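*Asks:* Handing you a structure now.
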Amino acid sequence: MPQNVMITGAGKAVGLGFNMVLRYLEAGDTVVATIRKPCPELEKLKSQYGEKLIVLTMDISSTTSVQEAADTLSQKLDHLDLLINNAVSVSPDCDKGFFDANLDYIARTVDITAVGAMRVIKAFYTLLKKSDLTALIMNISSEAGSISKCYRTNLLDYGMAKAALNMATMNLYNTFKDEREVNIFCVHPGWIRTDGKPDNPAPLSSYEAAGILRELFEKKRSDFDGHRFITNLDEDYPF
């Protein structure tokens with residue numbers, strides 16, 4: 001059954017968000033791809049898929065921008081079945097350790113990655129509740145946000161942001177648990193070549209990971225049959 005799917009952070013052709021857009025378009029769904037600045041590759045997809053692809057510009061660090069985007073989309077679609085919060089930010093000092101990193105960068109990364117996802121959920125919640133299905137919210141997290149499995153001395157901003165996203169997911173899980181209209185979970189997508197470089201040692205391309213995630217999400221939709229669930233980032237991951 002065709003769905004209305006919205007994916008944030010889709011403006012990088014080698015990234016996971018763009019490739020998830022492509023996978024859902026290939027599956028016959030109507031896809032809303034959100035970006036902060038123009039993406040020529042998305043425009044090419046638009047010329048190929050026409051009305052099946054809606055490109056929406058918004059800055060998830062701004063509540064006003066996100067709400068304006070939601071108002072715009074509500075004039076084009078009457079509901080959303082699936083929201084994938086993929087947008088993320090990292091600082092220039094992401095690879096540096098504690099003593100070398102500029103700690104003032106961390107707040108912006110957490111704001112965009114974690115708070116930004118919550119802004120999106122809040123603004124588009126009305127459209128999600130109008131789904132004929134149990135609407136799904138998928139927060140793309142990372143093992144870098146797992147506290148018990150932490151082994152790094154770098155990725156301070158990214159790891160803290162993903163840990164915050166995990167907490168936000170649990171908070172919203174508790175918020176939604178007494179209703180049946182919306183389900184939410186977070187998932188670690190695996191180690192991915194999101195830079196598109198062939199010498200990157202990660203085992204999955206963004207396109208490969210996007211295909212696996214789409215199959216996982218569809219399987220989970222049928223498996224839980226209306227029951228709410230959340231992945232445990234301290235357990236083994238599927239990839």
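Going by the structure tokens order, chains are called A, B, ..., each with residues numbered from 1, while ligands are numbered from 1 in the order shown.
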For Gln48 (chain A), find every residue with an atom within 12 Å (counting only C-alpha atoms), except residues of its own chain fewer than 6 positions away, and show them as a list in words.
*Replies:*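 The neighbour list is Leu22, Leu25, Glu26, Glu41 and Leu42 of chain A.
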*Asks:* Using DSSP assignments from the backbone, pull out every residue in region 115-225 of chain A that falls under alpha helix (DSSP H) and give it to me as an MDAnalysis selection string.
*Replies:* chainID A and resid 116:129 156:176 206:224
*Asks:* Using only C-alpha atoms, which of the listed residues (A:Met20, A:Met160, A:Ala107, A:Met170) sits closest to Val5 (chain A)?
*Replies:*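 Smallest separation from Val5 (chain A) among the options: A:Met20.
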*Asks:* So which residues touch Ala123 (chain A) within 10 Å, counting only C-alpha atoms, skipping near sequence neighbours fewer than 6 positions away, as a ChimeraX atom specification?
*Replies:* /A:63-64,66-71
*Asks:* Between A:Asn174, A:Gln3, A:Ser142, A:Ser148, which is the closest to Gly190 (chain A) once you count only C-alpha atoms?
*Replies:*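 Closest to Gly190 (chain A) of all the choices is A:Ser142.
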*Asks:* Between A:Ile112, A:Met138, A:Val90, A:Leu133, single out the one closest to Pro2 (chain A), counting only C-alpha atoms.
*Replies:*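 Smallest separation from Pro2 (chain A) among the options: A:Leu133.
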*Asks:* If you run DSSP on this backbone, which residues of region 98-176 of chain A come out as strand (DSSP E or B), and could you give them as an NGL selection string?
*Replies:* :A and (135-140)
*Asks:* For Lys96 (chain A), which of A:Leu155, A:Ala210, A:Met6, A:Val32 is the closest residue, counting only C-alpha atoms?
*Replies:* A:Leu155
*Asks:* Excluding Ala87 (chain A) and its own-chain neighbours fewer than 3 positions away, which residues fall within 7 Å of it when counting only C-alpha atoms? Please give them as a list in words.
*Replies:*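 Everything that qualifies: Thr8, Gly9 and Thr113 of chain A.
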*Asks:* Could you list, as number ranges by chain, every residue within 8 Å of region 14-17 of chain A, counting only C-alpha atoms and ignoring same-chain residues fewer than 4 positions away?
*Replies:* A: 7-10, 21, 86-87, 194-196, 206-207, 209-210
